[in-house]
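Colleague: My questions will all concern the structure given below.
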Amino acid sequence: MVTNALPAGIVLGAVALVSLLFYSVWDRLFSKSAERMAGMAGALDRAGIYKKPEELVVYVLGSSAVLWVGIALLLRPNLIVGALLLPACAGACAGCFLGYVRFAQRRRLDAFVTQLELALRLIAGGIRVGLGLRAALAMVIEEMPDPARHEYMRVIGQTNIGISVYDALETLAERMPSNETLMMSRAIRIQSQTGGDLGKILEHLADTIKDRRRITRKINALTAEGRASALILALLPPVLGLFIYMTQPMMGHALVFTGVGHVALIAVAVLEALGVFTLMKILQVDV
């Protein structure tokens, strides 16, 4: 009787211990999760992806499950390797998703900065014909497409609920982080405190942004060869591996269905990622 009750007691004790540990760290886990969700919501907003973070977490988990099942059916790993593949697939899907969000953020921010020169000239023109700053900002909403239209509409919306236009522009600089947006918000705030010709200040700022864009285009032209080399280095191993798999069945089988082949594939993937990352860091130039 005692012998039969011993395993059940061990299981109940383990469950109680895990429950106690989970309860002790629940508040910390909940607060960390809330912070991560808030940060993810801000990142999605800056990227122009209008979905809830919880929905995208479900999408990532579903994609991880589908990827894991596909790899398991293709490679037929043993139990231990299959168990290790599940968190690896989840990490890969989460990394791809975060990479896409960063790409969307950068693309939307670049589009906004490209429109900022014309937006500043519109605001300066409105101020010179006698409009107030808020009315001049409204001209951007009427004359320009997204993302400038959407972001300045949010600025006007914040002023409608009592926030000053200067604080709303500071919020815009935080939401669309760039040197150009920060210069615009600070120049307008400083002019409100010291006085001066705001239209002329904004025209000079638009000229500065135009010169910075010209330098950026020149840098992109000079680093195009290096970026093309990085792309070729990234595509060469997958293309070569597919060619070997199709033309040399025995070698392809050894690469895909053996432990040594799996180790080789993992080593190639890690070295490839490090090489591309190093090249992109070398080619990155801050303006």
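By convention here, the chains of the structure tokens are called A, B, ... in the order presented, each chain's residues are numbered starting at 1, and ligands are numbered starting at 1 in the order presented.
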For Glu54 of chain A, please output as a ChimeraX atom specification all residues within 10 Å (counting only C-alpha atoms; exclusion window: fewer than 4 positions along the same chain).
Modeller: /A:37,40-41,58-60
Colleague: At a cut-off of 12 Å, using only C-alpha atoms, what residues contact Gly199 of chain A? Leave out same-chain residues fewer than 6 positions from it and give the result as a count of residues only.
Modeller: 21
Colleague: Kindly indicate which residue among A:Gln115, A:Thr171, A:Thr258, A:Gln158 lies nearest to Lys210 of chain A, using only C-alpha atoms for the distances.
Modeller: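 Smallest distance to Lys210 of chain A is found for A:Gln115.
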Colleague: Residues at most 10 Å from Arg76 of chain A, counting only C-alpha atoms, excluding those fewer than 6 positions away in the same chain, as number ranges by chain?
Modeller: A: 69-70, 82, 256-258
Colleague: Taking 6 positions as the minimum chain separation for residues in the same chain, which residues sit within 10 Å of Thr208 of chain A when counting only C-alpha atoms? Answer as a VMD selection string.
Modeller: chain A and resid 117 180 202 214
Colleague: Can you pull out the residues contacting Leu61 of chain A? Cut-off 9 Å, using only C-alpha atoms, and skip same-chain residues under 5 positions away; I want them as an MDAnalysis selection string.
Modeller: chainID A and resid 56 66 90 93:94
